[in-house]
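First up is the structure itself, then whatever we jot down about it.
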Amino acid sequence: MNDQIHSSAPRVPMPGYLDHARVGPLSRPAARALAGANGLATRMAPADLDRLFALGDAARASAARLLDARPYELALSPSTSNGLFTVAAALQGPGTVLVPRAEFPANVYPWLRFEGRGGPDVRLIEPDGGRHITPDSLRRGLTPDVVALTVSAVDSLTGHAAPLAALKEVLGPRRLLIVDAIQGLGAVPLEAEAADVLVSGGQKWLRAGWGAALLLIRDRCAARLSPGLGGWAGVAEPFAERHPAPPLPGAAAHLATNPDFPAAAALGAALDDLAGQGGPAAVGARIRATLAELLDRAERAGAEVLLKGLGPAERAGIGTFRLPGHDPEAVHRALEAAGVVTTRRGEWIRLSPHASTPPAATELFAEALAPFARPMGRARATGAYPAPSKTVPSETVPSETVPSETAPSYPAPSKTVPSETATPEPATPDPTRGAPTTPPSPTTPPSSTTLTQEPTCPTT
């Protein structure tokens with residue numbers, strides 16, 4: 001283990017690194033902050049513990065500026081998954097929470113685990129076009145018992161950015177909009193003001209590493225969420241003679257314990273770095289421009305682009321393609337051999353550049369695709385989520401990158417819809433956004449689709 005830690009790993013990302021939707025290499029500001037906080041924890045002079053607590057407060061203040069929130073509306077959670085479990089434990093039944101069928105499992109399992117344990121029922125709703133929820137599909141799924149919708153801000157396979165403001169308008173003030181923002185925060189502007197609750201880790205587009213995530217619970221819905229997982233760190237008098245003691249105000253009431261302060265320092269530095277680069281609008285413009293060029297090069301090689309028709313504001317930092325007639329595993333291996341790091345989901349290859357991606361990455365990518373290029377010009381783009389081949393091989397990740405999650409596959413609850421499972425990659429556990437490879441049956445009405453069977457997904 002020590003040999004792996006101290007091996008001669010590259011100090012900067014590979015020029016062809018196009019996999020920030022999987023994990024973003026630690027940025028220099030985040031790395032410096034992490035080292036500094038670890039230095040405090042190593043020395044631990046009398047004032048150092050106060051300094052570590054102050055780093056957590058600074059991270060929350062930076063996040064509040066980004067999300068147009070008050071600092072006390074934010075708490076630091078260990079991860080996106082932990083934050084979503086915290087929210088699921090806090091939202092008591094009766095009622096129903098709506099979950100789009102194609103959601104990544106990190107935003108499904110928290111609701112399943114608390115269903116029948118005091119939490120609301122879970123109902124899957126059918127997205128329009130086989131994948132994405134729209135205001136119309138949400139409106140069709142609304143019934144009087146619905147208390148919340150939980151949704152990803154950005155789809156982890158297609159890069160589609162959910163219309164959060166429009167979804168909240170359909171929900172109205174009495175129903176909660178709960179947002180998993182990890183595939184959007186730090187990549188593109190988000191309609192975060194529409195979210196009643198927002199959760200996001202920092203290990204992807206923020207490039208802050210693991211260990212700290214943002215948990216935003218706005219004042220307007222705080223009274224509806226009880227501190228289900230709130231522990232001693234979430235109460236005003238943890239050493240009182242009688243328990244439970246009164247909860248702390250704001251999101252801190254949901255803390256089980258103190259945050260990872262070095263990770264919080266890295267997250268705060270990453271948020272400040274984002275602001276210093278001009279904020280999500282400026283960074284997002286650079287990411288989208290690079291992604292557009294990469295997808296154009298893929299089309300020149302004969303590739304089909306998944307959901308090519310997305311408008312400029314509808315696509316975040318993720319684009320996905322396939323090369324018809326070519327083994328996707330062979331294409332992925334060729335990219336890897338050329339120094340281009342991507343993620344493969346079944347027959348689709350996902351690209352996720354960052355603002356820091358150099359122009360050389362586009363050339364490396366084009367050169368790697370050249371042997372597969374069709375002489376007949378561009379292939380058509382596909383706007384629907386197509387069925388994969390019968391065998392869905394697992395992803396491969398180059399040794400320089402840190403593996404994270406795999407792509408899940410959800411079975412439909414209806415007996416008429418067969419379930420599928422995706423083969424998990426050999427990955428280190430941690431949440432990345434995956435996606436199923438087969439659309440649900442369009443014959444199942446969204447308003448009556450209740451999850452009666454847990455989705456089968458790989459260990460993450």
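Letters A, B, ... mark the chains of the structure tokens in the order given; residue numbers begin at 1 per chain; ligand numbers begin at 1, in order shown.
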
Per residue of stretch 152-267 of chain A within 6 Å of stretch 68-74 of chain A, note the shortest atom pair and the distance in Å to one decimal, counting only C-alpha atoms, and order the rows by chain and increasing residue number, as JSON lines.
{"residue": "A:Leu215", "atom": "CA", "partner": "A:Leu74", "partner_atom": "CA", "distance": 5.5}
{"residue": "A:Leu216", "atom": "CA", "partner": "A:Leu74", "partner_atom": "CA", "distance": 4.6}
{"residue": "A:Ile217", "atom": "CA", "partner": "A:Glu73", "partner_atom": "CA", "distance": 5.4}
{"residue": "A:Arg218", "atom": "CA", "partner": "A:Glu73", "partner_atom": "CA", "distance": 5.5}
{"residue": "A:Gly250", "atom": "CA", "partner": "A:Glu73", "partner_atom": "CA", "distance": 5.1}
{"residue": "A:Ala251", "atom": "CA", "partner": "A:Glu73", "partner_atom": "CA", "distance": 5.1}

Restricting the output to N, CA and C atoms, write the selected residues as a PDB file, in the first residue's frame.
ATOM      1  N   LEU A 215     -24.293  19.983   1.650  1.00  0.00           N
ATOM      2  CA  LEU A 215     -25.687  19.665   1.921  1.00  0.00           C
ATOM      3  C   LEU A 215     -26.416  20.984   2.170  1.00  0.00           C
ATOM      4  N   LEU A 216     -27.236  21.377   1.200  1.00  0.00           N
ATOM      5  CA  LEU A 216     -27.992  22.624   1.282  1.00  0.00           C
ATOM      6  C   LEU A 216     -29.444  22.307   1.607  1.00  0.00           C
ATOM      7  N   ILE A 217     -29.926  22.857   2.704  1.00  0.00           N
ATOM      8  CA  ILE A 217     -31.339  22.754   3.080  1.00  0.00           C
ATOM      9  C   ILE A 217     -31.843  24.179   3.293  1.00  0.00           C
ATOM     10  N   ARG A 218     -32.639  24.659   2.391  1.00  0.00           N
ATOM     11  CA  ARG A 218     -33.074  26.051   2.448  1.00  0.00           C
ATOM     12  C   ARG A 218     -34.092  26.259   3.573  1.00  0.00           C
ATOM     13  N   GLY A 250     -30.691  25.426  11.237  1.00  0.00           N
ATOM     14  CA  GLY A 250     -30.204  25.229   9.874  1.00  0.00           C
ATOM     15  C   GLY A 250     -29.800  23.802   9.570  1.00  0.00           C
ATOM     16  N   ALA A 251     -28.996  23.664   8.513  1.00  0.00           N
ATOM     17  CA  ALA A 251     -28.599  22.342   8.035  1.00  0.00           C
ATOM     18  C   ALA A 251     -27.727  21.595   9.023  1.00  0.00           C
TER      19      ALA A 251
END

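Once A:Leu214 and its same-chain neighbours fewer than 6 positions away are set aside, Arg60, Ala63, Leu74, Ala75, Leu76, Ser77, Pro78, Ser79, Thr80, Gly83, Leu198, Val199, Ser200, Gly201 and Gly202 of chain A remain within 9 Å of it when counting only C-alpha atoms.
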
Quick one: write out the picked residues with all heavy atoms as a short mmCIF file (atom, residue, chain, number, x, y, z; two decimals), in the first residue's frame?
data_model
loop_
_atom_site.label_atom_id
_atom_site.label_comp_id
_atom_site.auth_asym_id
_atom_site.auth_seq_id
_atom_site.Cartn_x
_atom_site.Cartn_y
_atom_site.Cartn_z
N ARG A 60 -18.19 26.51 3.92
CA ARG A 60 -19.63 26.75 3.86
C ARG A 60 -19.94 28.16 3.38
O ARG A 60 -20.89 28.37 2.61
CB ARG A 60 -20.26 26.51 5.23
CG ARG A 60 -20.22 25.05 5.67
CD ARG A 60 -21.06 24.79 6.92
NE ARG A 60 -20.59 25.58 8.06
CZ ARG A 60 -21.27 26.58 8.59
NH1 ARG A 60 -22.44 26.95 8.08
NH2 ARG A 60 -20.80 27.24 9.64
N ALA A 63 -19.48 28.20 -0.37
CA ALA A 63 -20.59 27.52 -1.02
C ALA A 63 -21.86 28.38 -0.99
O ALA A 63 -22.63 28.40 -1.96
CB ALA A 63 -20.85 26.18 -0.34
N LEU A 74 -26.24 25.56 4.99
CA LEU A 74 -25.31 24.57 4.45
C LEU A 74 -24.62 23.81 5.57
O LEU A 74 -24.27 24.38 6.60
CB LEU A 74 -24.26 25.23 3.56
CG LEU A 74 -24.76 25.63 2.18
CD1 LEU A 74 -24.12 26.91 1.71
CD2 LEU A 74 -24.49 24.50 1.18
N ALA A 75 -24.43 22.52 5.33
CA ALA A 75 -23.62 21.68 6.20
C ALA A 75 -22.69 20.87 5.32
O ALA A 75 -22.89 20.76 4.11
CB ALA A 75 -24.50 20.76 7.05
N LEU A 76 -21.66 20.31 5.93
CA LEU A 76 -20.69 19.50 5.20
C LEU A 76 -20.93 18.03 5.52
O LEU A 76 -20.87 17.60 6.67
CB LEU A 76 -19.26 19.90 5.58
CG LEU A 76 -18.87 21.32 5.17
CD1 LEU A 76 -17.49 21.66 5.70
CD2 LEU A 76 -18.92 21.49 3.66
N SER A 77 -21.20 17.28 4.47
CA SER A 77 -21.46 15.85 4.57
C SER A 77 -20.25 15.09 4.04
O SER A 77 -19.47 15.64 3.26
CB SER A 77 -22.72 15.51 3.76
OG SER A 77 -23.01 14.13 3.80
N PRO A 78 -20.06 13.83 4.40
CA PRO A 78 -18.89 13.10 3.89
C PRO A 78 -18.93 12.84 2.39
O PRO A 78 -17.87 12.70 1.76
CB PRO A 78 -18.94 11.77 4.67
CG PRO A 78 -19.74 12.06 5.89
CD PRO A 78 -20.74 13.08 5.48
N SER A 79 -20.12 12.74 1.79
CA SER A 79 -20.21 12.41 0.37
C SER A 79 -21.60 12.75 -0.13
O SER A 79 -22.52 13.03 0.66
CB SER A 79 -19.95 10.91 0.13
OG SER A 79 -20.97 10.13 0.72
N THR A 80 -21.77 12.69 -1.44
CA THR A 80 -23.10 12.89 -2.02
C THR A 80 -24.07 11.84 -1.52
O THR A 80 -25.21 12.14 -1.13
CB THR A 80 -23.03 12.84 -3.55
OG1 THR A 80 -22.03 13.75 -4.01
CG2 THR A 80 -24.36 13.21 -4.18
N GLY A 83 -25.11 12.49 1.99
CA GLY A 83 -26.03 13.61 2.05
C GLY A 83 -27.44 13.23 1.63
O GLY A 83 -28.43 13.65 2.25
N LEU A 198 -30.20 20.53 -1.92
CA LEU A 198 -29.17 20.25 -2.94
C LEU A 198 -28.00 19.55 -2.26
O LEU A 198 -27.56 19.95 -1.18
CB LEU A 198 -28.73 21.53 -3.62
CG LEU A 198 -27.69 21.41 -4.75
CD1 LEU A 198 -27.97 22.45 -5.84
CD2 LEU A 198 -26.27 21.57 -4.23
N VAL A 199 -27.49 18.51 -2.90
CA VAL A 199 -26.36 17.75 -2.37
C VAL A 199 -25.33 17.59 -3.48
O VAL A 199 -25.68 17.31 -4.63
CB VAL A 199 -26.81 16.36 -1.87
CG1 VAL A 199 -25.64 15.61 -1.24
CG2 VAL A 199 -27.97 16.47 -0.89
N SER A 200 -24.06 17.78 -3.14
CA SER A 200 -23.01 17.60 -4.15
C SER A 200 -21.67 17.38 -3.49
O SER A 200 -21.25 18.15 -2.62
CB SER A 200 -22.92 18.81 -5.08
OG SER A 200 -21.87 18.60 -6.03
N GLY A 201 -20.98 16.32 -3.91
CA GLY A 201 -19.60 16.11 -3.53
C GLY A 201 -18.68 16.97 -4.38
O GLY A 201 -19.11 17.63 -5.33
N GLY A 202 -17.39 16.94 -4.05
CA GLY A 202 -16.43 17.80 -4.74
C GLY A 202 -15.43 17.07 -5.58
O GLY A 202 -14.53 17.70 -6.14
#

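Counting only C-alpha atoms, the residue from A:Arg374, A:His254, A:Arg207, A:Arg344 that sits nearest to A:Asp272 is A:Arg207.
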
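Candidate residues A:Leu124, A:Leu164, A:Leu177, A:Ala21 were compared for distance to A:Leu149, and the nearest is A:Leu177, using only C-alpha atoms.
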
request  = Determine, counting only C-alpha atoms, which protein, DNA and RNA residues have an atom within 12 Å of an atom of stretch 38-46 of chain A; residues of the same chain fewer than 2 positions away are not included. Present the result as number ranges by chain.
outcome  = A: 31-36, 48-55, 260-266

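Interatomic distance, atom CA of A:Ala281 to atom CA of A:Ala366: 27.3 Å.
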
message = I'd like the contact shell of A:Arg174 - 9 Å cut-off, only C-alpha atoms, skipping same-chain residues fewer than 5 positions apart - returned as a PyMOL selection string.
response = chain A and resi 147-148+221

Dump as a PDB file, in the first residue's frame, selection limited to all heavy atoms:
ATOM      1  N   VAL A 147     -44.982  14.288  -2.323  1.00  0.00           N
ATOM      2  CA  VAL A 147     -44.395  15.300  -1.442  1.00  0.00           C
ATOM      3  C   VAL A 147     -43.055  15.817  -1.955  1.00  0.00           C
ATOM      4  O   VAL A 147     -42.584  16.868  -1.510  1.00  0.00           O
ATOM      5  CB  VAL A 147     -44.208  14.750  -0.018  1.00  0.00           C
ATOM      6  CG1 VAL A 147     -45.549  14.421   0.603  1.00  0.00           C
ATOM      7  CG2 VAL A 147     -43.288  13.522  -0.002  1.00  0.00           C
ATOM      8  N   ALA A 148     -42.418  15.089  -2.901  1.00  0.00           N
ATOM      9  CA  ALA A 148     -41.099  15.520  -3.364  1.00  0.00           C
ATOM     10  C   ALA A 148     -40.744  14.845  -4.679  1.00  0.00           C
ATOM     11  O   ALA A 148     -41.246  13.765  -5.010  1.00  0.00           O
ATOM     12  CB  ALA A 148     -40.030  15.199  -2.315  1.00  0.00           C
ATOM     13  N   CYS A 221     -37.845  25.120   3.568  1.00  0.00           N
ATOM     14  CA  CYS A 221     -38.313  23.745   3.761  1.00  0.00           C
ATOM     15  C   CYS A 221     -37.729  23.106   5.012  1.00  0.00           C
ATOM     16  O   CYS A 221     -37.990  21.931   5.283  1.00  0.00           O
ATOM     17  CB  CYS A 221     -37.977  22.886   2.547  1.00  0.00           C
ATOM     18  SG  CYS A 221     -36.204  22.598   2.306  1.00  0.00           S
TER      19      CYS A 221
END

ask   = Which distance in Å separates atom CA of A:Arg315 and atom CA of A:Thr290, to one decimal?
value = 12.6 Å

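Comparing A:Glu363, A:His132, A:Leu98, A:Pro244 by their smallest distance to A:Thr158, the closest is A:His132 (using only C-alpha atoms).
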
query = as number ranges by chain, which residues of stretch 122-154 of chain A does DSSP assign to helix (DSSP H, G or I)?
reply = A: 135-141

Got time to write the residues from that selection, N, CA, C and O atoms, as a PDB file, in the first residue's frame?
ATOM      1  N   PRO A 135     -40.965  19.012 -17.569  1.00  0.00           N
ATOM      2  CA  PRO A 135     -42.134  19.499 -16.828  1.00  0.00           C
ATOM      3  C   PRO A 135     -43.414  18.743 -17.188  1.00  0.00           C
ATOM      4  O   PRO A 135     -44.243  18.476 -16.310  1.00  0.00           O
ATOM      5  N   ASP A 136     -43.582  18.372 -18.463  1.00  0.00           N
ATOM      6  CA  ASP A 136     -44.793  17.649 -18.865  1.00  0.00           C
ATOM      7  C   ASP A 136     -44.844  16.253 -18.253  1.00  0.00           C
ATOM      8  O   ASP A 136     -45.895  15.817 -17.765  1.00  0.00           O
ATOM      9  N   SER A 137     -43.723  15.535 -18.287  1.00  0.00           N
ATOM     10  CA  SER A 137     -43.735  14.188 -17.715  1.00  0.00           C
ATOM     11  C   SER A 137     -43.917  14.251 -16.197  1.00  0.00           C
ATOM     12  O   SER A 137     -44.558  13.378 -15.607  1.00  0.00           O
ATOM     13  N   LEU A 138     -43.365  15.281 -15.571  1.00  0.00           N
ATOM     14  CA  LEU A 138     -43.579  15.456 -14.137  1.00  0.00           C
ATOM     15  C   LEU A 138     -45.043  15.748 -13.852  1.00  0.00           C
ATOM     16  O   LEU A 138     -45.636  15.179 -12.921  1.00  0.00           O
ATOM     17  N   ARG A 139     -45.627  16.617 -14.647  1.00  0.00           N
ATOM     18  CA  ARG A 139     -47.031  16.982 -14.434  1.00  0.00           C
ATOM     19  C   ARG A 139     -47.927  15.746 -14.544  1.00  0.00           C
ATOM     20  O   ARG A 139     -48.883  15.582 -13.769  1.00  0.00           O
ATOM     21  N   ARG A 140     -47.615  14.861 -15.491  1.00  0.00           N
ATOM     22  CA  ARG A 140     -48.402  13.641 -15.643  1.00  0.00           C
ATOM     23  C   ARG A 140     -48.252  12.716 -14.436  1.00  0.00           C
ATOM     24  O   ARG A 140     -49.148  11.925 -14.139  1.00  0.00           O
ATOM     25  N   GLY A 141     -47.110  12.789 -13.776  1.00  0.00           N
ATOM     26  CA  GLY A 141     -46.866  11.899 -12.647  1.00  0.00           C
ATOM     27  C   GLY A 141     -47.331  12.432 -11.315  1.00  0.00           C
ATOM     28  O   GLY A 141     -47.288  11.708 -10.312  1.00  0.00           O
TER      29      GLY A 141
END

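Rounded to one decimal, atom CA of A:Ile133 and atom CA of A:Pro100 lie 6.7 Å from each other.
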